[in-house]
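Chemist: Pasting in a structure now, in structure tokens, and then I'll have a few things to ask.
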Amino acid sequence: SVLRSTRVGGIEALLTGGFKTPAPLEAIAEMGYSLYPVVVVQRWLDGGFEYRNGVTFFAPILRFFESVSGNDPGLGQSDLRIFNVEIFLRVGPIGGSPVAEALRNGGIVGVCILMIVIGCLVGRIDRLPASADGGAITVVVLLPLLIAIRNSFAPVLVQIGIGIGMLVVARLLGRA
């Protein structure tokens with residue numbers, strides 16, 4: 001229920017009591033909304049859709065390089081390489097989930113790989129020193145992961161990259 005409160009109401013929802021009032025029905029609703037995209041993707045795969053082989057995870061980066069190199073990537077709202085766009089165009093506004101996106105990209109093996117990567121990343125973040133830099137890196141990595149719980153996972157890589165870039169610039173400006 002805390003994840004749902006944060007995702008829907010932002011940090012303000014936590015500050016106004018998101019941790020104080022556990023809501024089991026909200027938690028169940030959040031889990032259900034996260035599972036439905038997995039069911040949808042499994043139906044697609046059972047119906048003959050092919051795996052995306054990781055394309056949806058890197059679609060925003062690919063689109064950036066396409067536009068910089070002079071190739072027109074087209075409108076993002078119609079690019080089926082972006083998982084949430086594919087979900088929206090094929091099913092409607094049901095959201096997404098990293099598990100569903102990993103399933104779309106590589107089946108159960110894709111899900112296992114993504115969960116291992118996220119687990120290793122969170123484990124590494126947990127071992128950071130309790131310092132200003134450690135806290136900043138923790139927020140930069142965990143906030144996009146929290147938001148991605150019910151959305152496309154692809155922007156997470158870009159958001160973490162931008163956040164790390166901002167931390168590097170802040171560090172360099174601080175030294176200057």
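Each chain of the structure tokens is named A, B, ... in the order shown, its residues numbered from 1; ligands are numbered from 1 in display order.
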Among stretch 58-113 of chain A, which residues carry a DSSP assignment of helix (DSSP H, G or I), reported as a ChimeraX atom specification?
Modeler: /A:58-68,76-78,83-90,98-113
Chemist: Tell me, as a count of residues only, which residues lie within 10 Å of A:Val91, counting only C-alpha atoms; anything in the same chain fewer than 5 positions away does not count.
Modeler: 4
Chemist: Find the residues near A:Arg104: any atom within 9 Å, counting only C-alpha atoms, skip ones fewer than 4 places away on the same chain, and give them as a CSV table (one decimal) with N, CA, C and O atoms, in the first residue's frame.
Modeler:
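So selection.csv came out as:
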chain,number,residue,atom,x,y,z
A,38,VAL,N,1.1,-8.8,-17.1
A,38,VAL,CA,1.8,-10.1,-17.3
A,38,VAL,C,0.9,-11.1,-17.9
A,38,VAL,O,1.3,-11.8,-18.9
A,41,VAL,N,0.5,-10.1,-21.7
A,41,VAL,CA,1.7,-10.5,-22.4
A,41,VAL,C,1.8,-12.0,-22.6
A,41,VAL,O,2.1,-12.5,-23.7
A,42,GLN,N,1.5,-12.8,-21.6
A,42,GLN,CA,1.5,-14.2,-21.8
A,42,GLN,C,0.5,-14.7,-22.8
A,42,GLN,O,0.8,-15.6,-23.6
A,44,TRP,N,-0.4,-12.9,-25.4
A,44,TRP,CA,0.2,-12.5,-26.7
A,44,TRP,C,1.2,-13.6,-27.1
A,44,TRP,O,1.2,-14.0,-28.3
A,45,LEU,N,2.0,-14.0,-26.2
A,45,LEU,CA,3.1,-15.0,-26.5
A,45,LEU,C,2.4,-16.3,-26.9
A,45,LEU,O,2.9,-17.0,-27.8
A,49,PHE,N,2.9,-14.2,-30.7
A,49,PHE,CA,3.8,-13.1,-30.8
A,49,PHE,C,5.2,-13.5,-30.5
A,49,PHE,O,5.4,-14.4,-29.7
A,50,GLU,N,6.2,-12.9,-31.1
A,50,GLU,CA,7.6,-13.3,-30.9
A,50,GLU,C,8.2,-12.4,-29.8
A,50,GLU,O,7.7,-11.3,-29.5
A,51,TYR,N,9.2,-12.9,-29.2
A,51,TYR,CA,9.9,-12.2,-28.1
A,51,TYR,C,10.6,-10.9,-28.8
A,51,TYR,O,11.0,-11.0,-29.9
A,52,ARG,N,10.7,-9.9,-28.0
A,52,ARG,CA,11.3,-8.6,-28.5
A,52,ARG,C,12.9,-8.6,-28.3
A,52,ARG,O,13.5,-7.7,-28.7
A,53,ASN,N,13.4,-9.6,-27.6
A,53,ASN,CA,14.9,-9.8,-27.4
A,53,ASN,C,15.5,-8.5,-26.8
A,53,ASN,O,16.6,-8.2,-27.3
A,54,GLY,N,14.9,-7.9,-25.9
A,54,GLY,CA,15.5,-6.8,-25.2
A,54,GLY,C,15.3,-5.4,-25.8
A,54,GLY,O,15.7,-4.4,-25.2
A,56,THR,N,12.7,-3.5,-26.1
A,56,THR,CA,11.9,-2.5,-25.3
A,56,THR,C,12.7,-1.8,-24.2
A,56,THR,O,12.4,-0.7,-23.9
A,83,PHE,N,7.4,-0.4,-24.7
A,83,PHE,CA,6.5,-1.4,-24.1
A,83,PHE,C,5.2,-0.8,-23.7
A,83,PHE,O,4.1,-1.3,-24.0
A,99,VAL,N,8.1,-7.1,-14.9
A,99,VAL,CA,8.0,-8.5,-15.1
A,99,VAL,C,7.3,-8.7,-16.5
A,99,VAL,O,7.7,-9.6,-17.3
A,100,ALA,N,6.2,-8.0,-16.8
A,100,ALA,CA,5.6,-8.1,-18.1
A,100,ALA,C,6.5,-7.7,-19.2
A,100,ALA,O,6.5,-8.4,-20.2
A,110,GLY,N,14.0,-14.2,-19.6
A,110,GLY,CA,14.0,-12.7,-19.5
A,110,GLY,C,13.6,-12.2,-18.2
A,110,GLY,O,14.3,-11.3,-17.6
A,111,VAL,N,12.6,-12.8,-17.6
A,111,VAL,CA,12.1,-12.4,-16.3
A,111,VAL,C,13.2,-12.7,-15.3
A,111,VAL,O,13.5,-11.8,-14.4
Chemist: Just to confirm, what's the straight-line distance from atom CA of A:Tyr33 to atom CA of A:Pro144 in Å (one decimal)?
Modeler: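 Going from atom CA of A:Tyr33 over to atom CA of A:Pro144, I get 18.5 Å.
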Chemist: I'd like the contact shell of stretch 75-80 of chain A - 12 Å cut-off, only C-alpha atoms, skipping same-chain residues fewer than 5 positions apart - returned as a list of chain:residue names.
Modeler: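 Here the answer would be A:Arg52, A:Val55, A:Thr56, A:Phe57, A:Ala59, A:Pro60, A:Leu62, A:Arg63, A:Phe64, A:Ser67, A:Val85, A:Glu86, A:Ile87, A:Phe88, A:Leu89, A:Arg90, A:Arg104.
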Chemist: Which residues are near A:Gly163? Cut-off 8 Å, only C-alpha atoms, ignore same chain within fewer than 4 positions. Put them as a PyMOL selection string.
Modeler: chain A and resi 140-141+159+167
Chemist: Would you kindly return, as a list in words, each protein, DNA or RNA residue with an atom no farther than 12 Å from any atom of stretch 115-121 of chain A, considering only C-alpha atoms and excluding same-chain residues fewer than 4 positions away?
Modeler: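 These residues fall inside the cut-off: Pro98, Val99, Ala100, Glu101, Ala102, Leu103, Ile108, Val109, Gly110, Val111, Ile125, Asp126, Arg127, Leu128, Ile137, Thr138, Val141, Leu142, Pro144, Leu145, Leu146, Ala148, Ile149, Phe153, Val156, Leu157 and Ile160 of chain A.
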Chemist: If we count only C-alpha atoms, what is near A:Arg171 at a cut-off of 12 Å, once residues fewer than 4 positions away on the same chain are taken out, given as a ChimeraX atom specification?
Modeler: /A:132-133,136,164-167,175-176
Chemist: Those selected residues, please, written with all heavy atoms and delivered as an mmCIF file, in the first residue's frame.
Modeler:
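Result went into selection18.cif, see below:
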data_model
loop_
_atom_site.group_PDB
_atom_site.id
_atom_site.type_symbol
_atom_site.label_atom_id
_atom_site.label_comp_id
_atom_site.auth_asym_id
_atom_site.auth_seq_id
_atom_site.Cartn_x
_atom_site.Cartn_y
_atom_site.Cartn_z
ATOM 1 N N ALA A 132 26.688 11.423 2.048
ATOM 2 C CA ALA A 132 25.857 12.235 1.142
ATOM 3 C C ALA A 132 25.836 11.625 -0.256
ATOM 4 O O ALA A 132 24.784 11.541 -0.894
ATOM 5 C CB ALA A 132 26.380 13.664 1.094
ATOM 6 N N ASP A 133 27.001 11.178 -0.729
ATOM 7 C CA ASP A 133 27.062 10.562 -2.054
ATOM 8 C C ASP A 133 26.269 9.261 -2.091
ATOM 9 O O ASP A 133 25.540 9.001 -3.042
ATOM 10 C CB ASP A 133 28.515 10.280 -2.459
ATOM 11 C CG ASP A 133 29.279 11.547 -2.815
ATOM 12 O OD1 ASP A 133 28.642 12.580 -3.072
ATOM 13 O OD2 ASP A 133 30.524 11.480 -2.829
ATOM 14 N N ALA A 136 22.572 10.072 -2.147
ATOM 15 C CA ALA A 136 22.158 10.613 -3.442
ATOM 16 C C ALA A 136 22.061 9.514 -4.491
ATOM 17 O O ALA A 136 21.091 9.450 -5.255
ATOM 18 C CB ALA A 136 23.129 11.701 -3.890
ATOM 19 N N ILE A 164 22.640 10.035 -12.485
ATOM 20 C CA ILE A 164 24.082 9.869 -12.228
ATOM 21 C C ILE A 164 24.849 11.015 -12.879
ATOM 22 O O ILE A 164 25.784 11.569 -12.287
ATOM 23 C CB ILE A 164 24.582 8.497 -12.739
ATOM 24 C CG1 ILE A 164 23.909 7.354 -11.976
ATOM 25 C CG2 ILE A 164 26.095 8.401 -12.673
ATOM 26 C CD1 ILE A 164 24.266 7.240 -10.523
ATOM 27 N N GLY A 165 24.444 11.393 -14.088
ATOM 28 C CA GLY A 165 25.092 12.530 -14.761
ATOM 29 C C GLY A 165 24.958 13.813 -13.956
ATOM 30 O O GLY A 165 25.918 14.583 -13.824
ATOM 31 N N MET A 166 23.783 14.040 -13.392
ATOM 32 C CA MET A 166 23.565 15.234 -12.569
ATOM 33 C C MET A 166 24.428 15.187 -11.306
ATOM 34 O O MET A 166 24.953 16.220 -10.866
ATOM 35 C CB MET A 166 22.089 15.374 -12.231
ATOM 36 C CG MET A 166 21.232 15.718 -13.433
ATOM 37 S SD MET A 166 19.456 15.673 -13.101
ATOM 38 C CE MET A 166 19.292 16.998 -11.922
ATOM 39 N N LEU A 167 24.572 14.008 -10.718
ATOM 40 C CA LEU A 167 25.421 13.876 -9.531
ATOM 41 C C LEU A 167 26.881 14.163 -9.873
ATOM 42 O O LEU A 167 27.591 14.814 -9.099
ATOM 43 C CB LEU A 167 25.282 12.478 -8.924
ATOM 44 C CG LEU A 167 23.959 12.155 -8.255
ATOM 45 C CD1 LEU A 167 23.945 10.718 -7.760
ATOM 46 C CD2 LEU A 167 23.667 13.117 -7.119
ATOM 47 N N ARG A 175 33.550 20.855 -6.437
ATOM 48 C CA ARG A 175 35.022 20.930 -6.353
ATOM 49 C C ARG A 175 35.554 22.253 -6.904
ATOM 50 O O ARG A 175 36.587 22.745 -6.460
ATOM 51 C CB ARG A 175 35.654 19.772 -7.111
ATOM 52 C CG ARG A 175 35.482 18.463 -6.385
ATOM 53 C CD ARG A 175 36.214 17.348 -7.102
ATOM 54 N NE ARG A 175 35.997 16.104 -6.396
ATOM 55 C CZ ARG A 175 36.180 14.926 -6.918
ATOM 56 N NH1 ARG A 175 36.622 14.819 -8.153
ATOM 57 N NH2 ARG A 175 35.960 13.837 -6.207
ATOM 58 N N ALA A 176 34.843 22.784 -7.916
ATOM 59 C CA ALA A 176 35.275 24.058 -8.521
ATOM 60 C C ALA A 176 34.971 25.194 -7.575
ATOM 61 O O ALA A 176 35.622 26.153 -7.435
ATOM 62 C CB ALA A 176 34.571 24.287 -9.852
#
Chemist: Taking into account only C-alpha atoms, which residue in the set A:Ile61, A:Gly74, A:Ile113, A:Ile147 is nearest to A:Ile162?
Modeler: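 Checking each of A:Ile61, A:Gly74, A:Ile113, A:Ile147 against A:Ile162, counting only C-alpha atoms, the winner is A:Ile61.
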Chemist: Can you tell me how far atom CA of A:Val139 sits from atom CA of A:Pro93, in Å to one decimal?
Modeler: 27.9 Å
